[in-house]
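K.L.:
One structure follows; several queries about it will come next.
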Amino acid sequence: MKKVFNFSSALRTLGSAILLTIAVILPLSPMSCKLSDDDESDGGDTPAIVSCSMIDEKTVKIDFSEPVSISDVKFDEKDISQTDAELTTEKEIKLDESAEVGKTYTIKGNATNENGNTYSFSGEVSGFNSNPARLILSEIHTSASGKKTGFVELFVIKGGNLSGFEIVSGYYGEDKKYKFPNCEVSEGEYIVVHLWRSEKETGNMIDEIGTDLTKSTAEWSSNSRDFWANLDKRNLGLKKDVVVLKNNSTIVDAVLYSGDIKEFSGSFQKELANNSISAGIWTGATSGETFNYSDGINNANNSLSRQNVEKIYGRYKAGQLPGKISTSEEDWIVTMSDSVSDVFGATPGEKNSSTKYVKTTKSN
C-alpha cells in the first residue's frame, strides 16, 4: 500500500529550473508488509528530493537526501532509456532531444534506497536557458492613479532570453512574484513590467513577447517592451519595500527603499533585504538598516529612478563590467515632474529623469 507525502519545504531551485512541489511516495515494503497511516517504513526516513533542475539543454539533475538508484524514468511522458543502479545522492538524466527553453516538463520515475525500498517521485522542471539576458532594475513606480498602475522598469545590458528571471516584492512575497516569459530581448532595450492590472483597460494590457512593441495600448504602456502581471491589486509597497530581480533563485539586482518609514515590516521583507545585502548586491548598508532617501516615492507623478544606467551600459560595452553589479542608495533618487521644464518624474520605457524630488512645505 502506498502512502503519499509532500516535501515542498525541502525543495530548492538550482541552475535554470522552475521548480514546483515534488511528491515522494512511501515505499512498497520488500517484505510486502501493509502500511497504514500510522505505520512506519522499515527503511527509516523517506528520502526527500532536495533539488531538481535542468543543467543544460539535454540533462536533468536530481539531488536526493540519501543515496538511491533510479529506474523507469519518464520525461514529458516519454520513457528514458536509462537505469542508474548505483546508489548515489546525485543523479543526472540524459534526454534524447533538447528541451524547449522555458517550457515546463514533468519528470517522474522510481528511486530505490539502500534498504531496498522503492519510492515513486515526480516533479516539474523548466527548459534550460543557455543564453540568459543581463538585466538591471532601472525604475520603480509604486503609486496608482486612475488607469495608471505601478511598474518596475528594467534595462537590458546584454541581449538574451528572459526565461528564469523573476521580480519579487518583499512586501507581498513569493506568491505574487512576477515570472518572465520565454522572450528574446536585445541589449539597450527597456522593459516595463506593470505589476497589477486596471479593470478599466483589460483588453489593452498585452504582453509584448515578439518584435511588435505597439500591441499594448493601456495607459502607462511605453514605447518599449511591456509586460503585465496577472494581479488585480498592488504588488509593491507604496512607501517601503525590497524589490529583487532573481535569475533562478540567485539575486542579480535589488533596490531597498523606505522613505520616512523607520523599519521594514514582516519577516520576508527583512529576509529579502538581508539576503540582498549579504549577497553584495545592495551595498553601503548593514543588516536591518532602512533608508530615507526615497521620501516622496508614493506621489502619483514620482518614481524611484536609477541614475547610473548609462554608466553601467558603457562599462559593459567597454568590456569592463564585473560579473556582479552592486548598487546602493547613492545610485537612486526620487524624481518628480516639473511643468516649467516639461519633464516627468515617471518615465516608463525611456531614459530616466534626473529632476530630484524636493519636498515642499505649505506656508501658513
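Note on naming: chains are A, B, ... as they come in the C-alpha cells, residues start from 1 per chain, ligands start from 1 in the order shown.
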Which residues come within 9 Å of A:Lys324, counting only C-alpha atoms, excluding same-chain residues fewer than 6 positions away, as a PDB file with all heavy atoms, in the first residue's frame?

P.N.:
ATOM      1  N   VAL A 252      20.227  38.930  -8.590  1.00  0.00           N
ATOM      2  CA  VAL A 252      21.133  39.616  -9.514  1.00  0.00           C
ATOM      3  C   VAL A 252      21.012  41.131  -9.412  1.00  0.00           C
ATOM      4  O   VAL A 252      21.893  41.858  -9.886  1.00  0.00           O
ATOM      5  CB  VAL A 252      20.906  39.154 -10.971  1.00  0.00           C
ATOM      6  CG1 VAL A 252      21.272  37.690 -11.125  1.00  0.00           C
ATOM      7  CG2 VAL A 252      19.469  39.384 -11.412  1.00  0.00           C
ATOM      8  N   ASP A 253      19.934  41.628  -8.810  1.00  0.00           N
ATOM      9  CA  ASP A 253      19.799  43.061  -8.568  1.00  0.00           C
ATOM     10  C   ASP A 253      18.735  43.270  -7.497  1.00  0.00           C
ATOM     11  O   ASP A 253      17.876  42.406  -7.284  1.00  0.00           O
ATOM     12  CB  ASP A 253      19.416  43.815  -9.842  1.00  0.00           C
ATOM     13  CG  ASP A 253      19.810  45.286  -9.793  1.00  0.00           C
ATOM     14  OD1 ASP A 253      20.406  45.720  -8.782  1.00  0.00           O
ATOM     15  OD2 ASP A 253      19.534  46.016 -10.767  1.00  0.00           O
ATOM     16  N   GLY A 280      25.977  40.982  -1.513  1.00  0.00           N
ATOM     17  CA  GLY A 280      26.803  42.048  -2.066  1.00  0.00           C
ATOM     18  C   GLY A 280      26.144  42.808  -3.189  1.00  0.00           C
ATOM     19  O   GLY A 280      26.802  43.557  -3.922  1.00  0.00           O
ATOM     20  N   ILE A 281      24.834  42.640  -3.347  1.00  0.00           N
ATOM     21  CA  ILE A 281      24.103  43.351  -4.396  1.00  0.00           C
ATOM     22  C   ILE A 281      23.741  44.765  -3.926  1.00  0.00           C
ATOM     23  O   ILE A 281      23.968  45.747  -4.621  1.00  0.00           O
ATOM     24  CB  ILE A 281      22.832  42.589  -4.803  1.00  0.00           C
ATOM     25  CG1 ILE A 281      23.207  41.202  -5.356  1.00  0.00           C
ATOM     26  CG2 ILE A 281      22.032  43.373  -5.829  1.00  0.00           C
ATOM     27  CD1 ILE A 281      24.074  41.229  -6.594  1.00  0.00           C
TER      28      ILE A 281
END

K.L.:
Report, in Å with one decimal, the straight-line distance from atom CA of A:Lys94 to atom CA of A:Ile55.

P.N.:
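Atom CA of A:Lys94 sits 10.5 Å away from atom CA of A:Ile55.
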
K.L.:
Can you check which residues of stretch 251-340 of chain A DSSP gives as helix (DSSP H, G or I) on the backbone and send them as a short mmCIF file (atom, residue, chain, number, x, y, z; two decimals) with C-alpha atoms, in the first residue's frame?

P.N.:
data_model
loop_
_atom_site.label_atom_id
_atom_site.label_comp_id
_atom_site.auth_asym_id
_atom_site.auth_seq_id
_atom_site.Cartn_x
_atom_site.Cartn_y
_atom_site.Cartn_z
CA SER A 267 9.85 38.60 8.24
CA PHE A 268 10.04 38.02 4.47
CA GLN A 269 10.73 41.68 3.72
CA LYS A 270 13.54 41.71 6.26
CA GLU A 271 14.89 38.38 5.00
CA LEU A 272 14.94 39.61 1.39
CA ALA A 273 16.70 42.82 2.46
CA ASN A 274 19.33 40.90 4.42
CA ASN A 275 19.86 38.42 1.56
CA SER A 276 20.38 41.29 -0.90
CA ILE A 277 22.95 42.84 1.42
CA SER A 278 24.79 39.61 2.24
CA VAL A 309 22.19 53.15 -16.07
CA GLU A 310 24.20 54.67 -18.93
CA LYS A 311 27.44 54.33 -16.95
CA ILE A 312 26.82 50.61 -16.35
CA TYR A 313 25.94 50.04 -20.00
CA GLY A 314 29.07 51.91 -21.08
CA ARG A 315 31.24 49.69 -18.87
CA TYR A 316 29.65 46.59 -20.42
CA LYS A 317 30.34 47.78 -23.97
CA GLU A 329 21.07 54.43 -2.35
CA GLU A 330 23.70 56.67 -3.97
CA ASP A 331 22.60 55.35 -7.39
#

K.L.:
When you look at A:Asp241 with a cut-off of 9 Å (counting only C-alpha atoms), what residues show up, excluding the ones that are within fewer than 2 positions of it in the same chain? I need them as a PyMOL selection string.

P.N.:
chain A and resi 169-172+236-239+243+255-258+264-265+269+273

K.L.:
Could you tell me which of A:Tyr357, A:Glu350, A:Ala229, A:Ser328 comes closest to A:Asp295 if we count only C-alpha atoms?

P.N.:
A:Tyr357

K.L.:
Near stretch 353-356 of chain A, within 8 Å and counting only C-alpha atoms, which residues show up once chain neighbours fewer than 5 positions away are dropped, as a list in words?

P.N.:
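Skipping anything fewer than 5 positions along the chain leaves Ser305, Gln307, Ile333, Val334, Thr335, Met336, Ser337, Asp338, Val343, Phe344, Gly345, Ala346 and Thr347 of chain A.
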
K.L.:
How many Å separate atom CA of A:Ser249 from atom CA of A:Ser163?

P.N.:
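If I compute the distance from atom CA of A:Ser249 to atom CA of A:Ser163, I get 12.5 Å.
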
K.L.:
Extract the full set of strand (DSSP E or B) residues from stretch 39-243 of chain A according to DSSP on the backbone, and format it as a PyMOL selection string.

P.N.:
chain A and resi 49-56+59-75+78-79+84-94+104-113+118-126+132+134-141+145+148+151-158+160-161+165-169+178-179+184-185+190-194+225-228+241-243

K.L.:
Pick out the residues sitting within 8 Å of A:Ile70, and hand them over as a list in words; count only C-alpha atoms, and ignore anything fewer than 6 positions along from it in its own chain.

P.N.:
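Listed by chain and then number, they are Thr83, Asp84, Ala85, Gly109, Asn110, Ala111 and Thr112 of chain A.
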
K.L.:
Just checking: using only C-alpha atoms, which residue out of A:Asn129, A:Thr211, A:Asn299, A:Ser221 ends up closest to A:Gly259?

P.N.:
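Residue with the minimum atom-to-atom distance to A:Gly259: A:Asn299.
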